[in-house]
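Single-structure report; data block below.
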Amino acid sequence: MEIRVAVVGAGSWGTTVAHLICAHAPTILWAREEAVAEQIDREHRNLRYLPDHPLHADLRATSSMAEAVGGADLVVMGVPSHGFRSTMEQVAEHLRPWVPVISLTKGLEQSTRLRMSQVVAEVAPGHPVGVLTGPNLAKEILAGHAAATVVAMADVSMAEALQPIFGADNLRVYTNTDVVGAEMGGALKNVIAIASGIADGIGASDNTRAAVITRGLAELTRLGVAMGGEPMTFAGLAGMGDLIATCISPQSRNRHVGEQLGRGRSLEDVVAEMDMVAEGVKAAPVAVELAEEHGVEMPIARSVASVCAGEQTAIEAYRSLLARSRRPEVYGLDPGGR
Ligand SMILES: NC(=O)C1=CN([C@@H]2O[C@H](COP(=O)(O)OP(=O)(O)OC[C@H]3O[C@@H](n4cnc5c(N)ncnc54)[C@H](O)[C@@H]3O)[C@@H](O)[C@H]2O)C=CC1
Ligand SMILES: O=C(CO)COP(=O)(O)O
C-alpha cells in the first residue's frame with residue numbers, strides 16, 4: 001500500500017527530510033510562508049534555507065494545512081519547539097484518526113518543560129507518536145554524505161515500517177523503542193553544543209572540547225535516565241552521536257551561537273543575525289529546571305543558561321566549571337551522580 005506523507009515545516013531539516021521521503025512515497029511539504037511553498041512547488045528549491053540544493057522533482061509544497069495533512073497517512077513535524085504546539089493544533093484539525101506523528105524537533109517546550117512527543121500526545125491523543133533523531137546535519141545529508149539516524153517509537157513494528165520511508169542510499173535508519181531517551185538526547189545535546197562553541201570562541205583547545213563533550217554526555221545521560229530514558233540510548237546515535245556532530249561541526253547553529261558568545265558578543269546580537277533556530281538557547285533554562293526537579297546536577301547546562309541569560313561571561317563560566325569541588329568521575333548512569 002502506498003503511504004502518503006505530510007512534512008510540516010519547511011526549514012532546513014523539514015525540507016531535507018521531505019526531499020528524502022519523496023524518493024519512496026508521495027510527499028507534500030507544508031510551509032508557513034506561501035512564497036516558500038510556491039518556490040518549492042514550482043522551482044523545486046528552498047532558496048531561503050537550502051539555496052544550493054535542488055529538491056526532488058516530485059516534491060509538492062503548500063501553505064494550506066488542510067491540503068498537506070488531510071490525506072496524509074504519516075505526518076512528520078519539522079517546526080522548531082517554540083512553534084510546535086500551535087502548529088500541531090493546526091495539524092490536529094485535519095489529522096485522520098490513527099495517523100502516526102513523527103517529530104524531527106530537538107527541543108523542549110518552555111512553559112511546560114514537555115518533550116515534543118508529549119505535546120503531540122496532548123494535542124492529538126491516541127495517535128502513535130515517535131521521533132527521528134541522530135547526527136543529521138541537513139546540508140551534509142542533502143550533499144549526499146553518508147549518515148545514520150534513529151526512528152524511536154514505543155511500537156517497534158511501526159518503527160520498522162517507517163525505516164524504509166525515512167531511509168536513503170546515504171542515510172541508514174535504526175529503530176529504538178526508547179522515545180524518552182532519544183528525544184532527551186536530541187534536546188540536550190544542543191545545550192552542550194553551545195558550551196563547546198563557547199570553548200572554541202574563547203580560544204580553548206581540543207582537550208577542552210573533549211572534556212566538554214564527555215562531561216556533557218555524563219550530565220545529559222544523568223538527566224535523561226532520571227526522566228525514564230534507557231542508559232544505552234545516550235551512548236548511541238541519538239546521544240553521543242548527535243552530541244559529537246553538533247559539538248564539532250562548523251555547520252551547527254548551536255555551536256555557532258556558543259562560539260560568538262565566547263568571543264564576547266551578546267546573545268541578542270547573535271540570534272538577531274541568524275535566520276535559523278538554535279534550540280539550545282531555549283532548552284538550557286528548561287534543562288536546569290528539569291535537573292532541579294529530578295535532583296540531578298548539570299553544571300555545564302547551568303553555565304550555558306547563565307551565560308545566555310547574561311549573568312556570567314563565557315570566561316567566568318569556564319573558570320567556575322574548573323573551580324568546582326573535586327569528585328570522582330561518576331558516570332551518568334547514577335541519577336544522583338555529580
Ligand atoms: N537543520 C538541521 O540540520 C537539523 C535540525 N533539527 C531540528 O529540526 C527542527 C527544525 O529545525 P530547522 O529545520 O533546522 O529550522 P530552520 O531554522 O531551518 O527553519 C525553521 C522552520 O520553522 C518555521 N517556523 C519558525 N517559527 C515557527 C513558528 N512559530 N510556527 C511554525 N513554524 C515556524 C520557519 O518558517 C522555518 O520553516 C529544530 O528543532 C532542529 O533542532 C534536527 C536535525 C537536523
Ligand atoms: O541537530 C542537528 C544535527 O543533528 C543540527 O544541529 P544545529 O541545530 O546546532 O545546527
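Naming scheme: A, B, ... for chains in displayed order of the C-alpha cells; residues 1 onward per chain; ligands 1 onward as shown.
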
With ligand 1 as the partner and 9 Å as the cut-off, tabulate the residues of chain A that qualify, each row holding the nearest pair of atoms and their distance in Å to one decimal, using only C-alpha atoms and all ligand atoms, sorted by chain and rising number, as a Markdown table.
```
| residue | atom | partner | partner_atom_place_in_ligand_line | distance |
| --- | --- | --- | --- | --- |
| A:Val8 | CA | ligand 1 | 32 (N) | 8.4 |
| A:Gly9 | CA | ligand 1 | 37 (O) | 4.9 |
| A:Ala10 | CA | ligand 1 | 37 (O) | 4.0 |
| A:Gly11 | CA | ligand 1 | 19 (O) | 3.2 |
| A:Ser12 | CA | ligand 1 | 18 (O) | 3.9 |
| A:Trp13 | CA | ligand 1 | 13 (O) | 3.7 |
| A:Gly14 | CA | ligand 1 | 13 (O) | 5.1 |
| A:Thr15 | CA | ligand 1 | 13 (O) | 7.1 |
| A:Thr16 | CA | ligand 1 | 13 (O) | 8.3 |
| A:Trp30 | CA | ligand 1 | 37 (O) | 8.7 |
| A:Ala31 | CA | ligand 1 | 37 (O) | 6.0 |
| A:Arg32 | CA | ligand 1 | 35 (O) | 5.5 |
| A:Glu33 | CA | ligand 1 | 35 (O) | 6.6 |
| A:Val36 | CA | ligand 1 | 37 (O) | 8.4 |
| A:Arg48 | CA | ligand 1 | 18 (O) | 8.7 |
| A:Tyr49 | CA | ligand 1 | 18 (O) | 5.8 |
| A:Leu50 | CA | ligand 1 | 18 (O) | 8.5 |
| A:Met77 | CA | ligand 1 | 9 (C) | 8.3 |
| A:Gly78 | CA | ligand 1 | 10 (C) | 5.0 |
| A:Val79 | CA | ligand 1 | 22 (O) | 4.3 |
| A:Pro80 | CA | ligand 1 | 39 (O) | 4.3 |
| A:Ser81 | CA | ligand 1 | 39 (O) | 5.7 |
| A:His82 | CA | ligand 1 | 29 (N) | 5.8 |
| A:Gly83 | CA | ligand 1 | 29 (N) | 3.5 |
| A:Phe84 | CA | ligand 1 | 30 (N) | 6.3 |
| A:Arg85 | CA | ligand 1 | 30 (N) | 8.4 |
| A:Ser86 | CA | ligand 1 | 30 (N) | 6.8 |
| A:Thr87 | CA | ligand 1 | 31 (C) | 5.6 |
| A:Ser103 | CA | ligand 1 | 8 (O) | 8.4 |
| A:Leu104 | CA | ligand 1 | 8 (O) | 5.2 |
| A:Thr105 | CA | ligand 1 | 39 (O) | 3.4 |
| A:Lys106 | CA | ligand 1 | 39 (O) | 4.0 |
| A:Gly107 | CA | ligand 1 | 39 (O) | 5.4 |
| A:Leu108 | CA | ligand 1 | 39 (O) | 8.9 |
| A:Leu132 | CA | ligand 1 | 42 (C) | 8.3 |
| A:Thr133 | CA | ligand 1 | 43 (C) | 6.5 |
| A:Gly134 | CA | ligand 1 | 43 (C) | 7.1 |
| A:Pro135 | CA | ligand 1 | 43 (C) | 7.3 |
| A:Asn136 | CA | ligand 1 | 44 (C) | 5.0 |
| A:Leu137 | CA | ligand 1 | 3 (O) | 3.6 |
| A:Ala138 | CA | ligand 1 | 3 (O) | 3.7 |
| A:Lys139 | CA | ligand 1 | 3 (O) | 6.6 |
| A:Glu140 | CA | ligand 1 | 3 (O) | 8.2 |
| A:Ile141 | CA | ligand 1 | 3 (O) | 8.6 |
| A:Gly186 | CA | ligand 1 | 41 (O) | 7.7 |
| A:Ala187 | CA | ligand 1 | 41 (O) | 7.5 |
| A:Asn190 | CA | ligand 1 | 41 (O) | 7.7 |
| A:Asp242 | CA | ligand 1 | 43 (C) | 9.0 |
| A:Gln251 | CA | ligand 1 | 3 (O) | 8.2 |
| A:Ser252 | CA | ligand 1 | 3 (O) | 7.4 |
| A:Arg253 | CA | ligand 1 | 1 (N) | 8.2 |
| A:Asn254 | CA | ligand 1 | 41 (O) | 8.9 |
| A:Met274 | CA | ligand 1 | 17 (O) | 8.5 |
| A:Asp275 | CA | ligand 1 | 17 (O) | 6.3 |
| A:Met276 | CA | ligand 1 | 17 (O) | 3.2 |
| A:Val277 | CA | ligand 1 | 17 (O) | 4.0 |
| A:Ala278 | CA | ligand 1 | 41 (O) | 6.8 |
| A:Glu279 | CA | ligand 1 | 41 (O) | 5.6 |
| A:Gly280 | CA | ligand 1 | 41 (O) | 8.2 |
```

Margin query: I'd like the neighbourhood of His24 in chain A as a PyMOL selection string, where a residue qualifies if any of its atoms comes within 12 Å (using only C-alpha atoms), though same-chain residues fewer than 3 positions away should be ignored.
Written below: chain A and resi 1-5+17-21+27+56+58-59+162-169

Checklist line | Computed interatomic separation between CA of Arg113 in chain A and CA of Lys282 in chain A (Å) | finding: 10.6 Å

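For the set A:Ala57, A:Val7, A:Leu223, A:Ala148, the residue with the smallest atom-to-atom gap to ligand 2 is A:Ala148, counting only C-alpha atoms and all ligand atoms.
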
Next item on the list: Provide the CA of Ala92 in chain A to CA of Ile28 in chain A distance in Å, to one decimal place.
Entry: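 Spanning CA of Ala92 in chain A to CA of Ile28 in chain A is a straight-line distance of 16.5 Å.
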
Check: Do you know which residues are at most 10 Å from Met184 in chain A counting only C-alpha atoms, after dropping those on the same chain fewer than 4 positions away, and could you put them as a PyMOL selection string?
Finding: chain A and resi 106-108+115-116+179-180+188-189+220-221+223-225+227-229+233-234+238-239+287

Check: Smallest atom-to-atom distance to Ala182 in chain A: which of A:Ala283, A:Ala152, A:Ala204, A:Ala211, using only C-alpha atoms?
Finding: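 Checking each candidate against Ala182 in chain A, we get A:Ala152 as the closest.
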
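Distances to ligand 2 were evaluated for A:Arg324, A:His256, A:Arg263, A:His145 using only C-alpha atoms and all ligand atoms, and the minimum falls at A:His256.
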
Notebook entry, point to check: Which one is closest to Val296 in chain A: A:Arg222, A:His127, A:His44, A:Arg60? Count only C-alpha atoms.
Noted result: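 So, comparing all the options, the nearest one is A:Arg222.
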
Checklist line | Picked from range 67-307 of chain A by DSSP as strand (DSSP E), as a ChimeraX atom specification | finding: /A:74-77,101-103,129-133,147-153,171-176

Export, as a PDB file, in the first residue's frame, the selected residues with N, CA and C atoms.
```pdb
ATOM      1  N   LEU A  74       0.912   9.582   7.141  1.00  0.00           N
ATOM      2  CA  LEU A  74       2.006   9.787   8.105  1.00  0.00           C
ATOM      3  C   LEU A  74       2.289  11.286   8.145  1.00  0.00           C
ATOM      4  N   VAL A  75       2.380  11.835   9.355  1.00  0.00           N
ATOM      5  CA  VAL A  75       2.715  13.260   9.485  1.00  0.00           C
ATOM      6  C   VAL A  75       4.060  13.384  10.194  1.00  0.00           C
ATOM      7  N   VAL A  76       4.949  14.201   9.607  1.00  0.00           N
ATOM      8  CA  VAL A  76       6.291  14.406  10.150  1.00  0.00           C
ATOM      9  C   VAL A  76       6.404  15.878  10.527  1.00  0.00           C
ATOM     10  N   MET A  77       6.680  16.142  11.807  1.00  0.00           N
ATOM     11  CA  MET A  77       6.694  17.526  12.304  1.00  0.00           C
ATOM     12  C   MET A  77       8.114  18.077  12.331  1.00  0.00           C
ATOM     13  N   VAL A 101       2.390  10.311  14.097  1.00  0.00           N
ATOM     14  CA  VAL A 101       3.063  11.612  14.033  1.00  0.00           C
ATOM     15  C   VAL A 101       4.509  11.409  14.503  1.00  0.00           C
ATOM     16  N   ILE A 102       5.458  11.801  13.648  1.00  0.00           N
ATOM     17  CA  ILE A 102       6.881  11.677  13.991  1.00  0.00           C
ATOM     18  C   ILE A 102       7.474  13.075  14.109  1.00  0.00           C
ATOM     19  N   SER A 103       8.141  13.335  15.223  1.00  0.00           N
ATOM     20  CA  SER A 103       8.755  14.660  15.424  1.00  0.00           C
ATOM     21  C   SER A 103      10.223  14.643  15.018  1.00  0.00           C
ATOM     22  N   VAL A 129       3.012   7.973  18.230  1.00  0.00           N
ATOM     23  CA  VAL A 129       3.948   9.097  18.144  1.00  0.00           C
ATOM     24  C   VAL A 129       5.375   8.590  18.302  1.00  0.00           C
ATOM     25  N   GLY A 130       6.294   9.246  17.607  1.00  0.00           N
ATOM     26  CA  GLY A 130       7.703   8.874  17.710  1.00  0.00           C
ATOM     27  C   GLY A 130       8.576  10.026  17.284  1.00  0.00           C
ATOM     28  N   VAL A 131       9.887   9.749  17.246  1.00  0.00           N
ATOM     29  CA  VAL A 131      10.836  10.796  16.856  1.00  0.00           C
ATOM     30  C   VAL A 131      11.846  10.229  15.872  1.00  0.00           C
ATOM     31  N   LEU A 132      12.377  11.102  15.022  1.00  0.00           N
ATOM     32  CA  LEU A 132      13.512  10.758  14.160  1.00  0.00           C
ATOM     33  C   LEU A 132      14.654  11.655  14.604  1.00  0.00           C
ATOM     34  N   THR A 133      15.758  11.054  15.037  1.00  0.00           N
ATOM     35  CA  THR A 133      16.809  11.861  15.637  1.00  0.00           C
ATOM     36  C   THR A 133      18.168  11.185  15.495  1.00  0.00           C
ATOM     37  N   ALA A 147      25.202   9.028   6.466  1.00  0.00           N
ATOM     38  CA  ALA A 147      24.841   9.327   7.859  1.00  0.00           C
ATOM     39  C   ALA A 147      23.937   8.213   8.386  1.00  0.00           C
ATOM     40  N   ALA A 148      23.743   8.220   9.696  1.00  0.00           N
ATOM     41  CA  ALA A 148      22.837   7.255  10.327  1.00  0.00           C
ATOM     42  C   ALA A 148      21.915   8.006  11.272  1.00  0.00           C
ATOM     43  N   THR A 149      20.739   7.433  11.476  1.00  0.00           N
ATOM     44  CA  THR A 149      19.743   8.088  12.320  1.00  0.00           C
ATOM     45  C   THR A 149      18.897   7.035  13.026  1.00  0.00           C
ATOM     46  N   VAL A 150      18.003   7.487  13.894  1.00  0.00           N
ATOM     47  CA  VAL A 150      17.181   6.563  14.676  1.00  0.00           C
ATOM     48  C   VAL A 150      15.721   6.985  14.584  1.00  0.00           C
ATOM     49  N   VAL A 151      14.831   6.009  14.309  1.00  0.00           N
ATOM     50  CA  VAL A 151      13.413   6.290  14.488  1.00  0.00           C
ATOM     51  C   VAL A 151      13.005   5.592  15.780  1.00  0.00           C
ATOM     52  N   ALA A 152      12.570   6.399  16.755  1.00  0.00           N
ATOM     53  CA  ALA A 152      12.211   5.851  18.067  1.00  0.00           C
ATOM     54  C   ALA A 152      10.706   5.913  18.253  1.00  0.00           C
ATOM     55  N   MET A 153      10.124   4.742  18.526  1.00  0.00           N
ATOM     56  CA  MET A 153       8.682   4.623  18.786  1.00  0.00           C
ATOM     57  C   MET A 153       8.477   3.497  19.774  1.00  0.00           C
ATOM     58  N   LEU A 171      21.523   7.348   3.908  1.00  0.00           N
ATOM     59  CA  LEU A 171      21.011   7.520   5.280  1.00  0.00           C
ATOM     60  C   LEU A 171      20.488   6.188   5.809  1.00  0.00           C
ATOM     61  N   ARG A 172      21.219   5.632   6.775  1.00  0.00           N
ATOM     62  CA  ARG A 172      20.841   4.346   7.375  1.00  0.00           C
ATOM     63  C   ARG A 172      20.006   4.619   8.626  1.00  0.00           C
ATOM     64  N   VAL A 173      18.838   3.970   8.697  1.00  0.00           N
ATOM     65  CA  VAL A 173      17.899   4.243   9.792  1.00  0.00           C
ATOM     66  C   VAL A 173      17.828   3.044  10.743  1.00  0.00           C
ATOM     67  N   TYR A 174      18.106   3.289  12.005  1.00  0.00           N
ATOM     68  CA  TYR A 174      17.957   2.264  13.047  1.00  0.00           C
ATOM     69  C   TYR A 174      16.645   2.502  13.794  1.00  0.00           C
ATOM     70  N   THR A 175      16.169   1.468  14.493  1.00  0.00           N
ATOM     71  CA  THR A 175      14.995   1.659  15.356  1.00  0.00           C
ATOM     72  C   THR A 175      15.427   1.647  16.815  1.00  0.00           C
ATOM     73  N   ASN A 176      14.589   2.235  17.657  1.00  0.00           N
ATOM     74  CA  ASN A 176      14.783   2.200  19.101  1.00  0.00           C
ATOM     75  C   ASN A 176      13.396   2.365  19.716  1.00  0.00           C
TER      76      ASN A 176
END
```

Margin query: When DSSP is applied to the backbone of this structure, which of range 49-99 of chain A are assigned alpha helix (DSSP H)? Write them out as a list in words.
Written below: Met65, Ala66, Glu67, Ala68, Val69, Phe84, Arg85, Ser86, Thr87, Met88, Glu89, Gln90, Val91 and Ala92 of chain A

Next item on the list: Select, from A:Arg255, A:Arg45, A:Arg215, A:Arg96, the residue with the minimum atom-to-atom distance to ligand 2, counting only C-alpha atoms and all ligand atoms.
Entry: A:Arg255

Margin query: Considering only C-alpha atoms and all ligand atoms, can you say which of A:Val271, A:Arg209, A:Ala245, A:Arg265 comes closest to ligand 2?
Written below: A:Ala245

Check: Distance CA of Val304 in chain A-CA of Ala284 in chain A, one decimal place?
Finding: 6.5 Å

Next item on the list: Considering only C-alpha atoms, return as a list in words whatever protein or nucleic-acid residues lie within 8 Å of Thr62 in chain A, sequence-local ones (same chain, fewer than 5 positions apart) excluded.
Entry: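 In the requested format, the answer is Ile28, Leu29, Trp30, Ala31, Glu34, Ala37, Glu38, Asp41, Glu67 and Ala68 of chain A.
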
Would you pick out the contacts of range 308-322 of chain A at 12 Å or less, using only C-alpha atoms, so that residues sharing its chain but fewer than 3 positions from it are not included, and give the list as a PDB file with C-alpha atoms, in the first residue's frame?
```
ATOM      1  CA  VAL A 191      22.830  22.881  25.145  1.00  0.00           C
ATOM      2  CA  ILE A 194      26.673  25.859  22.961  1.00  0.00           C
ATOM      3  CA  ALA A 195      29.244  25.111  25.683  1.00  0.00           C
ATOM      4  CA  SER A 196      31.531  23.504  23.099  1.00  0.00           C
ATOM      5  CA  GLY A 197      31.163  26.572  20.878  1.00  0.00           C
ATOM      6  CA  ILE A 198      31.932  28.860  23.803  1.00  0.00           C
ATOM      7  CA  ALA A 199      35.172  26.923  24.326  1.00  0.00           C
ATOM      8  CA  ASP A 200      36.069  27.483  20.666  1.00  0.00           C
ATOM      9  CA  GLY A 201      35.160  31.168  20.939  1.00  0.00           C
ATOM     10  CA  ILE A 202      37.404  31.802  23.916  1.00  0.00           C
ATOM     11  CA  GLY A 203      40.258  30.032  22.142  1.00  0.00           C
ATOM     12  CA  ALA A 204      40.322  26.842  24.205  1.00  0.00           C
ATOM     13  CA  THR A 208      38.805  21.371  26.394  1.00  0.00           C
ATOM     14  CA  ARG A 209      36.332  20.391  23.716  1.00  0.00           C
ATOM     15  CA  ALA A 211      36.217  17.397  28.215  1.00  0.00           C
ATOM     16  CA  VAL A 212      33.042  19.353  27.433  1.00  0.00           C
ATOM     17  CA  ARG A 215      31.232  15.550  30.756  1.00  0.00           C
ATOM     18  CA  GLY A 216      28.312  16.896  28.729  1.00  0.00           C
ATOM     19  CA  ASN A 254      24.064  25.872  18.433  1.00  0.00           C
ATOM     20  CA  VAL A 257      25.900  30.671  18.993  1.00  0.00           C
ATOM     21  CA  GLY A 258      28.321  29.434  21.654  1.00  0.00           C
ATOM     22  CA  GLU A 259      31.353  30.475  19.633  1.00  0.00           C
ATOM     23  CA  GLN A 260      30.006  34.001  19.237  1.00  0.00           C
ATOM     24  CA  LEU A 261      29.200  34.206  22.965  1.00  0.00           C
ATOM     25  CA  GLY A 262      32.744  33.017  23.663  1.00  0.00           C
ATOM     26  CA  ARG A 263      34.032  35.913  21.566  1.00  0.00           C
ATOM     27  CA  GLY A 264      32.183  38.262  23.855  1.00  0.00           C
ATOM     28  CA  ARG A 265      29.160  39.083  21.704  1.00  0.00           C
ATOM     29  CA  SER A 266      25.682  39.402  23.214  1.00  0.00           C
ATOM     30  CA  LEU A 267      23.101  36.672  22.716  1.00  0.00           C
ATOM     31  CA  GLU A 268      20.625  39.209  21.311  1.00  0.00           C
ATOM     32  CA  ASP A 269      23.047  40.274  18.562  1.00  0.00           C
ATOM     33  CA  VAL A 270      23.986  36.711  17.638  1.00  0.00           C
ATOM     34  CA  VAL A 271      20.409  35.437  17.488  1.00  0.00           C
ATOM     35  CA  GLY A 280      19.822  25.036  22.836  1.00  0.00           C
ATOM     36  CA  VAL A 281      19.316  28.685  23.813  1.00  0.00           C
ATOM     37  CA  LYS A 282      15.741  27.960  24.908  1.00  0.00           C
ATOM     38  CA  ALA A 283      16.439  24.405  26.108  1.00  0.00           C
ATOM     39  CA  ALA A 284      19.204  25.445  28.546  1.00  0.00           C
ATOM     40  CA  PRO A 285      16.976  27.037  31.238  1.00  0.00           C
ATOM     41  CA  MET A 298      24.009  19.621  35.323  1.00  0.00           C
ATOM     42  CA  PRO A 299      26.846  22.098  35.791  1.00  0.00           C
ATOM     43  CA  ILE A 300      27.559  22.635  32.082  1.00  0.00           C
ATOM     44  CA  ALA A 301      23.905  23.235  31.220  1.00  0.00           C
ATOM     45  CA  ARG A 302      23.659  25.572  34.201  1.00  0.00           C
ATOM     46  CA  SER A 303      26.672  27.544  32.940  1.00  0.00           C
ATOM     47  CA  VAL A 304      25.226  27.768  29.427  1.00  0.00           C
ATOM     48  CA  ALA A 305      21.900  29.017  30.806  1.00  0.00           C
ATOM     49  CA  SER A 325      34.874  20.845  44.171  1.00  0.00           C
ATOM     50  CA  ARG A 326      36.895  17.676  43.497  1.00  0.00           C
ATOM     51  CA  ARG A 327      34.969  14.477  42.902  1.00  0.00           C
TER      52      ARG A 327
END
```
